[in-house]
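This is my_file_16.cif (mmCIF, C-alpha atoms and all ligand atoms).
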```cif
data_coords
loop_
_atom_site.label_atom_id
_atom_site.label_comp_id
_atom_site.auth_asym_id
_atom_site.auth_seq_id
_atom_site.Cartn_x
_atom_site.Cartn_y
_atom_site.Cartn_z
CA MET T 1 -27.20 2.93 11.68
CA ASP T 2 -26.23 0.71 14.62
CA THR T 3 -25.18 -2.82 13.69
CA VAL T 4 -27.20 -5.61 15.28
CA ILE T 5 -25.33 -8.89 15.23
CA ASN T 6 -27.65 -11.78 14.45
CA GLY T 7 -27.69 -15.13 12.65
CA GLU T 8 -27.21 -13.48 9.26
CA THR T 9 -24.27 -11.23 10.12
CA GLU T 10 -21.41 -11.67 7.67
CA VAL T 11 -17.85 -11.74 8.95
CA TYR T 12 -14.86 -9.90 7.49
CA GLY T 13 -11.51 -9.17 9.08
CA ILE T 14 -7.80 -8.59 8.95
CA PHE T 15 -5.01 -11.16 9.47
CA GLY T 16 -1.78 -9.72 10.83
CA TYR T 17 0.85 -10.24 13.51
CA PRO T 18 0.78 -7.97 15.40
CA VAL T 19 -2.67 -6.68 14.50
CA LYS T 20 -3.86 -4.76 17.53
CA HIS T 21 -2.71 -1.37 16.17
CA SER T 22 -4.62 -1.83 12.91
CA LYS T 23 -6.94 1.04 12.02
CA SER T 24 -8.84 -0.98 9.40
CA PRO T 25 -11.60 -2.25 11.76
CA LEU T 26 -12.46 1.37 12.58
CA PHE T 27 -13.26 2.48 9.07
CA GLN T 28 -14.51 -0.81 7.61
CA ASN T 29 -17.11 -1.17 10.37
CA ALA T 30 -18.09 2.49 9.90
CA ALA T 31 -18.69 1.76 6.19
CA PHE T 32 -20.81 -1.37 6.86
CA SER T 33 -22.81 0.47 9.45
CA TYR T 34 -23.40 3.55 7.28
CA LEU T 35 -24.64 1.47 4.34
CA GLY T 36 -26.76 -0.75 6.61
CA ILE T 37 -24.85 -3.89 5.60
CA ASN T 38 -25.24 -6.67 8.16
CA ALA T 39 -21.53 -7.39 8.59
CA VAL T 40 -18.67 -7.02 11.06
CA TYR T 41 -14.93 -6.59 10.48
CA LEU T 42 -12.64 -8.07 13.13
CA PRO T 43 -8.91 -8.11 13.88
CA PHE T 44 -7.39 -11.62 13.86
CA SER T 45 -3.96 -12.04 15.39
CA VAL T 46 -2.45 -14.79 13.22
CA LYS T 47 1.07 -16.06 13.95
CA PRO T 48 3.14 -16.96 10.88
CA GLU T 49 3.03 -20.66 11.75
CA ASP T 50 -0.78 -20.52 11.92
CA LEU T 51 -1.40 -18.77 8.59
CA LYS T 52 -2.26 -21.97 6.70
CA ASN T 53 -4.89 -22.97 9.25
CA ALA T 54 -6.21 -19.43 9.44
CA VAL T 55 -6.70 -19.29 5.65
CA GLU T 56 -8.41 -22.68 5.79
CA GLY T 57 -10.58 -21.10 8.49
CA ILE T 58 -11.78 -18.46 6.00
CA ARG T 59 -13.29 -21.30 3.98
CA ALA T 60 -14.51 -23.34 6.96
CA LEU T 61 -16.19 -20.38 8.66
CA SER T 62 -17.46 -18.71 5.47
CA ILE T 63 -15.63 -15.50 6.29
CA LYS T 64 -16.51 -13.29 3.31
CA GLY T 65 -13.28 -11.39 2.98
CA VAL T 66 -10.09 -10.48 4.79
CA ASN T 67 -7.32 -7.98 4.56
CA ILE T 68 -3.84 -9.37 4.91
CA THR T 69 -1.09 -7.38 6.56
CA VAL T 70 2.46 -7.81 7.82
CA PRO T 71 3.98 -10.42 7.85
CA HIS T 72 1.61 -12.53 5.70
CA LYS T 73 1.23 -10.59 2.44
CA GLU T 74 3.56 -12.81 0.43
CA GLU T 75 3.09 -16.16 2.18
CA VAL T 76 -0.69 -16.03 1.70
CA LEU T 77 -0.30 -16.34 -2.08
CA LYS T 78 0.55 -20.04 -1.71
CA LEU T 79 -2.75 -20.70 0.05
CA VAL T 80 -5.36 -19.16 -2.28
CA ASN T 81 -7.10 -20.47 -5.41
CA GLU T 82 -6.47 -17.54 -7.72
CA ILE T 83 -4.36 -14.40 -7.87
CA SER T 84 -5.37 -11.28 -9.72
CA GLU T 85 -3.30 -9.61 -12.44
CA GLU T 86 -1.67 -6.95 -10.18
CA VAL T 87 -0.68 -9.56 -7.58
CA LYS T 88 1.30 -11.43 -10.25
CA TYR T 89 3.57 -8.41 -10.56
CA ILE T 90 3.53 -7.07 -7.03
CA GLY T 91 4.05 -10.51 -5.50
CA ALA T 92 2.01 -9.64 -2.42
CA SER T 93 -1.68 -9.52 -1.53
CA ASN T 94 -3.55 -7.42 1.02
CA THR T 95 -7.11 -8.50 0.15
CA ILE T 96 -8.79 -11.91 -0.09
CA LYS T 97 -12.32 -12.44 -1.35
CA ASN T 98 -14.08 -15.70 -0.54
CA ILE T 99 -16.59 -16.95 -3.12
CA ASP T 100 -18.07 -20.17 -1.67
CA GLY T 101 -14.66 -21.43 -0.54
CA TYR T 102 -12.81 -20.23 -3.66
CA LEU T 103 -10.29 -17.61 -2.53
CA ILE T 104 -9.09 -14.82 -4.82
CA ALA T 105 -6.11 -12.66 -3.79
CA TYR T 106 -6.01 -8.99 -4.79
CA ASN T 107 -3.65 -6.13 -4.07
CA THR T 108 -5.35 -2.79 -3.44
CA ASP T 109 -2.21 -1.01 -2.15
CA ALA T 110 -1.27 0.22 -5.64
CA TYR T 111 -4.74 1.72 -6.12
CA GLY T 112 -4.65 3.14 -2.57
CA PHE T 113 -1.31 4.83 -3.14
CA ILE T 114 -2.39 6.37 -6.46
CA GLN T 115 -5.73 7.63 -5.09
CA GLY T 116 -3.89 9.23 -2.18
CA LEU T 117 -1.30 10.83 -4.46
CA LYS T 118 -4.11 12.24 -6.62
CA GLU T 119 -5.15 14.37 -3.65
CA LEU T 120 -1.86 16.24 -4.20
CA VAL T 121 -1.31 15.98 -7.95
CA GLU T 122 -4.06 15.61 -10.51
CA ASN T 123 -2.02 14.20 -13.34
CA ILE T 124 0.68 11.63 -12.60
CA SER T 125 1.22 10.96 -16.29
CA GLY T 126 4.54 12.42 -17.44
CA LYS T 127 5.88 12.86 -13.90
CA LYS T 128 9.35 11.77 -12.80
CA VAL T 129 9.34 9.90 -9.52
CA LEU T 130 11.94 8.75 -7.00
CA VAL T 131 10.73 5.68 -5.06
CA ILE T 132 12.93 4.75 -2.10
CA GLY T 133 12.75 1.12 -0.97
CA ALA T 134 12.37 -2.16 -2.83
CA GLY T 135 10.09 -4.33 -0.66
CA GLY T 136 6.46 -5.29 -1.25
CA ALA T 137 5.22 -1.76 -0.59
CA SER T 138 7.62 -0.36 -3.18
CA ARG T 139 6.38 -2.89 -5.75
CA ALA T 140 2.79 -1.78 -5.22
CA VAL T 141 3.76 1.91 -5.53
CA VAL T 142 5.83 1.28 -8.68
CA TYR T 143 3.03 -0.80 -10.24
CA GLY T 144 0.54 2.01 -9.64
CA LEU T 145 2.89 4.65 -11.04
CA ILE T 146 3.56 2.64 -14.22
CA LYS T 147 -0.18 2.15 -14.78
CA GLU T 148 -0.74 5.90 -14.33
CA GLY T 149 1.82 6.71 -17.00
CA ALA T 150 4.70 8.10 -14.94
CA GLU T 151 7.49 9.11 -17.30
CA LYS T 152 10.41 7.91 -15.21
CA ILE T 153 10.66 5.95 -11.96
CA TYR T 154 13.99 5.74 -10.13
CA ILE T 155 14.00 2.90 -7.59
CA SER T 156 16.56 3.58 -4.90
CA ASN T 157 17.41 1.00 -2.28
CA ARG T 158 20.09 0.19 0.28
CA THR T 159 20.38 -3.26 -1.35
CA LEU T 160 20.51 -2.28 -5.01
CA LYS T 161 19.89 -5.84 -6.21
CA ARG T 162 16.32 -5.71 -4.88
CA ALA T 163 15.65 -2.63 -7.03
CA GLU T 164 17.09 -4.45 -10.04
CA ASP T 165 14.87 -7.46 -9.26
CA ILE T 166 11.75 -5.25 -9.40
CA ILE T 167 12.82 -3.90 -12.78
CA ARG T 168 13.38 -7.41 -14.10
CA ASP T 169 10.04 -8.68 -12.77
CA PHE T 170 8.14 -5.67 -14.17
CA SER T 171 9.73 -5.89 -17.60
CA LYS T 172 6.81 -8.07 -18.74
CA LEU T 173 4.26 -5.42 -17.75
CA SER T 174 4.78 -3.39 -20.90
CA ARG T 175 7.45 -3.00 -23.51
CA PHE T 176 8.20 0.44 -22.10
CA THR T 177 8.96 -0.50 -18.52
CA GLU T 178 12.67 -1.03 -19.11
CA LYS T 179 12.89 2.56 -20.33
CA ILE T 180 10.80 3.92 -17.47
CA LEU T 181 12.48 2.13 -14.54
CA GLU T 182 16.01 2.77 -13.32
CA PRO T 183 17.86 1.50 -10.22
CA LEU T 184 19.67 4.09 -8.10
CA PRO T 185 22.06 3.66 -5.15
CA LEU T 186 20.96 5.63 -2.06
CA SER T 187 24.22 7.58 -2.29
CA GLN T 188 23.11 9.10 -5.61
CA ILE T 189 19.74 10.45 -4.48
CA GLU T 190 20.95 13.98 -3.76
CA GLU T 191 22.28 14.55 -7.29
CA LEU T 192 19.09 13.12 -8.79
CA LEU T 193 16.68 15.40 -6.90
CA CYS T 194 16.79 18.19 -9.49
CA ASN T 195 15.44 15.62 -12.00
CA VAL T 196 12.34 14.42 -10.15
CA ASP T 197 8.89 15.83 -9.37
CA ILE T 198 7.73 13.34 -6.74
CA ILE T 199 9.62 11.63 -3.88
CA VAL T 200 8.13 8.54 -2.19
CA ASN T 201 9.52 6.72 0.85
CA THR T 202 8.40 3.09 1.13
CA THR T 203 11.12 2.01 3.58
CA SER T 204 10.71 1.74 7.34
CA VAL T 205 13.19 4.61 7.83
CA GLY T 206 11.39 7.36 9.74
CA LEU T 207 9.31 5.10 11.97
CA ARG T 208 11.53 6.54 14.71
CA ASP T 209 12.78 10.15 14.69
CA GLU T 210 16.31 8.97 15.48
CA ASP T 211 16.57 6.78 12.32
CA ARG T 212 19.51 7.75 10.14
CA PRO T 213 18.07 9.80 7.23
CA LEU T 214 17.97 8.19 3.77
CA PHE T 215 19.64 11.29 2.28
CA ASP T 216 20.19 14.95 3.21
CA TYR T 217 16.59 16.15 3.51
CA SER T 218 17.68 19.80 3.37
CA LYS T 219 18.22 19.21 -0.37
CA ILE T 220 14.46 18.86 -0.93
CA GLU T 221 13.03 21.69 -3.05
CA LYS T 222 9.69 23.49 -2.68
CA ARG T 223 8.43 22.13 -6.02
CA HIS T 224 8.83 18.49 -4.87
CA ILE T 225 5.76 16.48 -3.91
CA VAL T 226 6.75 14.24 -1.00
CA VAL T 227 4.91 11.11 0.19
CA ASP T 228 5.90 8.84 3.06
CA ILE T 229 3.77 5.71 3.42
CA ILE T 230 4.49 5.59 7.18
CA TYR T 231 1.44 6.71 9.28
CA ARG T 232 3.20 9.62 10.99
CA LYS T 233 4.94 12.87 10.22
CA THR T 234 8.43 11.48 9.65
CA PRO T 235 11.60 13.61 9.56
CA LEU T 236 11.35 13.42 5.74
CA LEU T 237 7.84 14.89 5.86
CA LYS T 238 8.85 17.52 8.42
CA ALA T 239 11.63 18.64 6.08
CA ALA T 240 9.16 18.76 3.16
CA GLU T 241 6.73 20.81 5.21
CA GLU T 242 9.46 23.25 6.22
CA LYS T 243 10.36 23.75 2.54
CA GLY T 244 6.71 24.46 1.71
CA CYS T 245 6.24 21.28 -0.37
CA LEU T 246 2.97 19.45 -0.89
CA TRP T 247 3.33 16.35 1.31
CA GLN T 248 1.35 13.35 2.57
CA ASP T 249 1.77 10.58 5.16
CA GLY T 250 0.51 6.99 4.77
CA LEU T 251 -3.06 7.53 5.98
CA PRO T 252 -4.62 8.39 2.58
CA MET T 253 -3.07 5.23 1.09
CA LEU T 254 -4.45 3.22 4.02
CA LEU T 255 -7.90 4.71 3.54
CA TYR T 256 -8.11 4.17 -0.21
CA GLN T 257 -6.69 0.65 -0.17
CA GLY T 258 -9.38 -0.19 2.40
CA ALA T 259 -12.08 1.47 0.32
CA ARG T 260 -11.09 -0.63 -2.69
CA SER T 261 -11.11 -3.82 -0.59
CA PHE T 262 -14.61 -2.90 0.59
CA GLU T 263 -15.76 -2.48 -3.02
CA ILE T 264 -14.22 -5.81 -4.08
CA TRP T 265 -16.01 -7.59 -1.23
CA THR T 266 -19.42 -5.92 -1.37
CA GLY T 267 -19.76 -4.68 -4.94
CA LYS T 268 -20.91 -1.37 -3.43
CA LYS T 269 -19.27 2.03 -3.70
CA ALA T 270 -17.28 2.69 -0.51
CA PRO T 271 -18.54 5.66 1.54
CA ILE T 272 -15.16 7.39 1.48
CA ASN T 273 -16.08 10.40 3.60
CA ILE T 274 -17.54 8.21 6.34
CA MET T 275 -14.43 6.02 6.30
CA LYS T 276 -12.14 9.07 6.33
CA LYS T 277 -13.99 10.51 9.31
CA ALA T 278 -13.76 7.20 11.22
CA LEU T 279 -10.00 7.17 10.57
CA SER T 280 -9.42 10.78 11.61
CA ASP T 281 -11.57 10.49 14.77
P1 LIG P 1 7.68 -3.88 2.84
O1 LIG P 1 7.07 -5.15 2.32
O2 LIG P 1 6.87 -3.16 3.86
O3 LIG P 1 8.08 -2.97 1.73
P2 LIG P 1 10.34 -5.00 3.33
O4 LIG P 1 10.25 -5.96 2.21
O5 LIG P 1 10.84 -5.48 4.65
O6 LIG P 1 8.96 -4.31 3.69
O7 LIG P 1 11.23 -3.75 2.84
C1 LIG P 1 11.72 -2.81 3.71
C2 LIG P 1 12.43 -1.72 2.91
O8 LIG P 1 13.01 -0.79 3.82
C3 LIG P 1 13.59 -2.25 2.07
O9 LIG P 1 13.69 -1.47 0.92
C4 LIG P 1 14.78 -2.04 3.00
O10 LIG P 1 16.03 -1.95 2.35
P3 LIG P 1 16.86 -3.33 2.02
O11 LIG P 1 16.17 -3.96 0.86
O12 LIG P 1 18.23 -2.87 1.71
O13 LIG P 1 16.78 -4.16 3.29
C5 LIG P 1 14.41 -0.70 3.58
N1 LIG P 1 15.12 -0.40 4.82
C6 LIG P 1 14.84 -0.89 6.07
N2 LIG P 1 15.69 -0.37 6.98
C7 LIG P 1 16.51 0.49 6.31
C8 LIG P 1 17.60 1.36 6.68
N3 LIG P 1 17.99 1.45 7.95
N4 LIG P 1 18.18 2.10 5.72
C9 LIG P 1 17.78 2.01 4.42
N5 LIG P 1 16.77 1.22 4.01
C10 LIG P 1 16.14 0.47 4.92
#
```

Do you think you could lay out the structure here as structure tokens?
Amino acid sequence: MDTVINGETEVYGIFGYPVKHSKSPLFQNAAFSYLGINAVYLPFSVKPEDLKNAVEGIRALSIKGVNITVPHKEEVLKLVNEISEEVKYIGASNTIKNIDGYLIAYNTDAYGFIQGLKELVENISGKKVLVIGAGGASRAVVYGLIKEGAEKIYISNRTLKRAEDIIRDFSKLSRFTEKILEPLPLSQIEELLCNVDIIVNTTSVGLRDEDRPLFDYSKIEKRHIVVDIIYRKTPLLKAAEEKGCLWQDGLPMLLYQGARSFEIWTGKKAPINIMKKALSD
């Protein structure tokens, strides 16, 4: 159905800087249109120094919901009325819902990552996982994996202290987390590979083909499941493909985090296939 913008059209959007490469408007508008919801989803280029005013603008303009992307995911937490349970642990939000000026911050990246991973592996429970990186994206991935019952999660990072910080912060999540989580220097990845089922890259390494690899990718085995949350076929993913592994780039995570945001905002089931088609077109 074509959207007609009129006096009752509801406004949603994404705050980021830069934002012009965002794919979210494509599939969120496709979902509104398909379900006949009178709403639009717009990109808002918000500089860091303008974030406070922009968030105030959500209230002033009755914007119903926004996604939050780089570089605002952490800073936005200071500006909302309430944060949901997962945000307390992840420390970053990608979704704001506005209920009559009362703003609630959610994080749907953990859900998005897990839903994407489930396209490759039905049962995450009992799996051993290597997560590379220790930023906000890593926290969302680790949170999702703990909730799904992963048996062991090695967090490997260039700056090991950041991996240790995640483990400390997540220790309150359950009394088992200290047994599940383990920090790992990047230099020890190769010897660990025989011990893990799933490898996830959450760092920015691989955005460019010439980036120095995180480890020797020729050591990847066919039985490994390899996910890179970057939206392209990185050298890590190319190596996984050459070995015959199951592998995935960041697009499924992007799709499912968006679908969850849509459901939080509208209370309606997201039309996943329509959103997926909009993304792949
Ligand atoms: P995000 O919130 O997207 O996760 P971030 O907090 O900036 O982003 O984290 C980026 C991650 O990529 C970090 O784990 C970072 O490692 P450090 O904590 O040591 O900085 C990792 N990273 C970035 N460039 C890297 C490189 N050249 N080699 C190894 N790791 C790198």

Item checked: Within 6 Å of stretch 28-41 of chain T using all atoms listed in the file, minus same-chain residues under 2 positions, as a PyMOL selection string -> chain T and resi 1+3+9-13+24-26

Generate the output file for the selected residues, C-alpha atoms, as a PDB file, keeping the file's coordinate frame.
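Saved as part36.pdb:
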```pdb
ATOM      1  CA  MET T   1     -27.200   2.930  11.680  1.00  0.00           C
ATOM      2  CA  THR T   3     -25.180  -2.820  13.690  1.00  0.00           C
ATOM      3  CA  THR T   9     -24.270 -11.230  10.120  1.00  0.00           C
ATOM      4  CA  GLU T  10     -21.410 -11.670   7.670  1.00  0.00           C
ATOM      5  CA  VAL T  11     -17.850 -11.740   8.950  1.00  0.00           C
ATOM      6  CA  TYR T  12     -14.860  -9.900   7.490  1.00  0.00           C
ATOM      7  CA  GLY T  13     -11.510  -9.170   9.080  1.00  0.00           C
ATOM      8  CA  SER T  24      -8.840  -0.980   9.400  1.00  0.00           C
ATOM      9  CA  PRO T  25     -11.600  -2.250  11.760  1.00  0.00           C
ATOM     10  CA  LEU T  26     -12.460   1.370  12.580  1.00  0.00           C
TER      11      LEU T  26
END
```

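The residue that comes closest to ligand LIG 1 (chain P), out of T:Asp228, T:Asp100, T:Glu148, T:Asp211 and on the basis of only C-alpha atoms and all ligand atoms, is T:Asp211.
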
With ligand LIG 1 (chain P) as the partner and 10 Å as the cut-off, tabulate the residues of chain T that qualify, each row holding the nearest pair of atoms and their distance in Å to one decimal, using all atoms listed in the file, sorted by chain and rising number, as a Markdown table.
```
| residue | atom | partner | partner_atom | distance |
| --- | --- | --- | --- | --- |
| T:Thr69 | CA | P:LIG1 | O2 | 9.4 |
| T:Val70 | CA | P:LIG1 | O2 | 7.5 |
| T:Pro71 | CA | P:LIG1 | O1 | 8.2 |
| T:His72 | CA | P:LIG1 | O1 | 9.8 |
| T:Lys73 | CA | P:LIG1 | O1 | 8.0 |
| T:Glu74 | CA | P:LIG1 | O1 | 8.6 |
| T:Gly91 | CA | P:LIG1 | O1 | 9.9 |
| T:Ala92 | CA | P:LIG1 | O1 | 8.3 |
| T:Val131 | CA | P:LIG1 | O9 | 9.8 |
| T:Ile132 | CA | P:LIG1 | O9 | 7.0 |
| T:Gly133 | CA | P:LIG1 | O9 | 3.3 |
| T:Ala134 | CA | P:LIG1 | O9 | 4.0 |
| T:Gly135 | CA | P:LIG1 | O4 | 3.3 |
| T:Gly136 | CA | P:LIG1 | O1 | 3.6 |
| T:Ala137 | CA | P:LIG1 | O3 | 3.9 |
| T:Ser138 | CA | P:LIG1 | O3 | 5.6 |
| T:Arg139 | CA | P:LIG1 | O3 | 7.7 |
| T:Ala140 | CA | P:LIG1 | O3 | 8.8 |
| T:Val141 | CA | P:LIG1 | O3 | 9.8 |
| T:Ile155 | CA | P:LIG1 | O9 | 9.6 |
| T:Ser156 | CA | P:LIG1 | O9 | 8.2 |
| T:Asn157 | CA | P:LIG1 | O9 | 5.5 |
| T:Arg158 | CA | P:LIG1 | O12 | 3.9 |
| T:Thr159 | CA | P:LIG1 | O12 | 3.8 |
| T:Leu160 | CA | P:LIG1 | O12 | 7.1 |
| T:Lys161 | CA | P:LIG1 | O11 | 8.2 |
| T:Arg162 | CA | P:LIG1 | O11 | 6.0 |
| T:Ala163 | CA | P:LIG1 | O11 | 8.0 |
| T:Leu186 | CA | P:LIG1 | C9 | 8.1 |
| T:Asn201 | CA | P:LIG1 | O8 | 8.8 |
| T:Thr202 | CA | P:LIG1 | O3 | 6.1 |
| T:Thr203 | CA | P:LIG1 | O8 | 3.4 |
| T:Ser204 | CA | P:LIG1 | O8 | 4.9 |
| T:Val205 | CA | P:LIG1 | C7 | 5.5 |
| T:Gly206 | CA | P:LIG1 | N3 | 9.0 |
| T:Leu207 | CA | P:LIG1 | N2 | 9.8 |
| T:Asp211 | CA | P:LIG1 | N3 | 7.0 |
| T:Arg212 | CA | P:LIG1 | N3 | 6.8 |
| T:Pro213 | CA | P:LIG1 | N4 | 7.8 |
| T:Leu214 | CA | P:LIG1 | C9 | 6.2 |
| T:Phe215 | CA | P:LIG1 | C9 | 9.7 |
| T:Ile229 | CA | P:LIG1 | O2 | 9.4 |
| T:Ile230 | CA | P:LIG1 | O2 | 9.7 |
```

Check: Nearest to T:Trp247: which of T:Leu130, T:Ile83, T:Met275, T:Val200 is it, counting all atoms listed in the file?
Finding: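 Looking only at the distances to T:Trp247, the closest residue turns out to be T:Val200.
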
Next item on the list: Select, from T:Asp109, T:Glu178, T:Glu164, T:Asp216, the residue with the minimum atom-to-atom distance to T:Arg260, counting only C-alpha atoms.
Entry: T:Asp109

Item checked: Best match for closeness to T:Glu242 among T:Leu255, T:Ala270, T:Lys222, T:Ile180, counting all atoms listed in the file ->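 Of T:Leu255, T:Ala270, T:Lys222, T:Ile180, the one nearest T:Glu242 is T:Lys222, counting all atoms listed in the file.
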
Checklist line | Interatomic distance (Å, one decimal) between atom CA of T:Ile99 and atom CA of T:Asp50 | finding: 22.1 Å

Note to self: Counting all atoms listed in the file, which residue out of T:Glu221, T:Glu119, T:Glu85, T:Asp209 sits closest to T:Leu193?
What the structure shows: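 When distances to T:Leu193 are compared using all atoms listed in the file, the smallest one comes from T:Glu221.
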
Note to self: So that I can check the surroundings of stretch 79-81 of chain T, please list as a list in words every protein, DNA and RNA residue that reaches within 12 Å of it, counting all atoms listed in the file and ignoring chain neighbours fewer than 5 positions away.
What the structure shows: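 My list of contacting residues is Leu51, Lys52, Asn53, Ala54, Val55, Glu56, Gly57, Ile58, Arg59, His72, Lys73, Glu74, Val87, Ser93, Thr95, Ile96, Lys97, Asn98, Ile99, Asp100, Gly101, Tyr102, Leu103, Ile104, Ala105 and Tyr106 of chain T.
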
Would you mind exporting C-alpha atoms of the selected residues as a CSV table (one decimal), in the frame of the given file?
```
chain,number,residue,atom,x,y,z
T,51,LEU,CA,-1.4,-18.8,8.6
T,52,LYS,CA,-2.3,-22.0,6.7
T,53,ASN,CA,-4.9,-23.0,9.2
T,54,ALA,CA,-6.2,-19.4,9.4
T,55,VAL,CA,-6.7,-19.3,5.6
T,56,GLU,CA,-8.4,-22.7,5.8
T,57,GLY,CA,-10.6,-21.1,8.5
T,58,ILE,CA,-11.8,-18.5,6.0
T,59,ARG,CA,-13.3,-21.3,4.0
T,72,HIS,CA,1.6,-12.5,5.7
T,73,LYS,CA,1.2,-10.6,2.4
T,74,GLU,CA,3.6,-12.8,0.4
T,87,VAL,CA,-0.7,-9.6,-7.6
T,93,SER,CA,-1.7,-9.5,-1.5
T,95,THR,CA,-7.1,-8.5,0.2
T,96,ILE,CA,-8.8,-11.9,-0.1
T,97,LYS,CA,-12.3,-12.4,-1.4
T,98,ASN,CA,-14.1,-15.7,-0.5
T,99,ILE,CA,-16.6,-17.0,-3.1
T,100,ASP,CA,-18.1,-20.2,-1.7
T,101,GLY,CA,-14.7,-21.4,-0.5
T,102,TYR,CA,-12.8,-20.2,-3.7
T,103,LEU,CA,-10.3,-17.6,-2.5
T,104,ILE,CA,-9.1,-14.8,-4.8
T,105,ALA,CA,-6.1,-12.7,-3.8
T,106,TYR,CA,-6.0,-9.0,-4.8
```

Next item on the list: Pull the neighbourhood of (9.4, -6.7, -10.4) for me: all residues within 7 Å in file coordinates, counting all atoms listed in the file, as number ranges by chain.
Entry: T: 89-90, 139, 165-170

Check: Which distance in Å separates atom CA of T:Pro271 and atom CA of T:Glu122, to one decimal?
Finding: 21.3 Å

Notebook entry, point to check: Between T:Arg175, T:Lys268, T:Arg232, T:Lys147, which has the minimum distance to T:Ile114 (counting all atoms listed in the file)?
Noted result: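 Selected residue with least distance to T:Ile114: T:Lys147.
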
Checklist line | Non-local contacts of T:Asn94 (6 Å; only C-alpha atoms; under 5 positions in same chain excluded) as a list of chain:residue names | finding: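 Surrounding residues, per the criterion: T:Asn67, T:Ile68, T:Lys73, T:Asn107.
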
Note to self: Counting only C-alpha atoms, which residues sit no farther than 10 Å from the position (-3.5, 5.6, 6.8) in the file's frame? I'd like them as an MDAnalysis selection string.
What the structure shows: chainID T and resid 22:24 112 116 229:232 249:258 276 279:280

Item checked: One-decimal distance in Å that lies between atom CA of T:Glu86 and atom CA of T:Tyr111 ->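 Computed distance, atom CA of T:Tyr111 to atom CA of T:Glu86, equals 10.1 Å.
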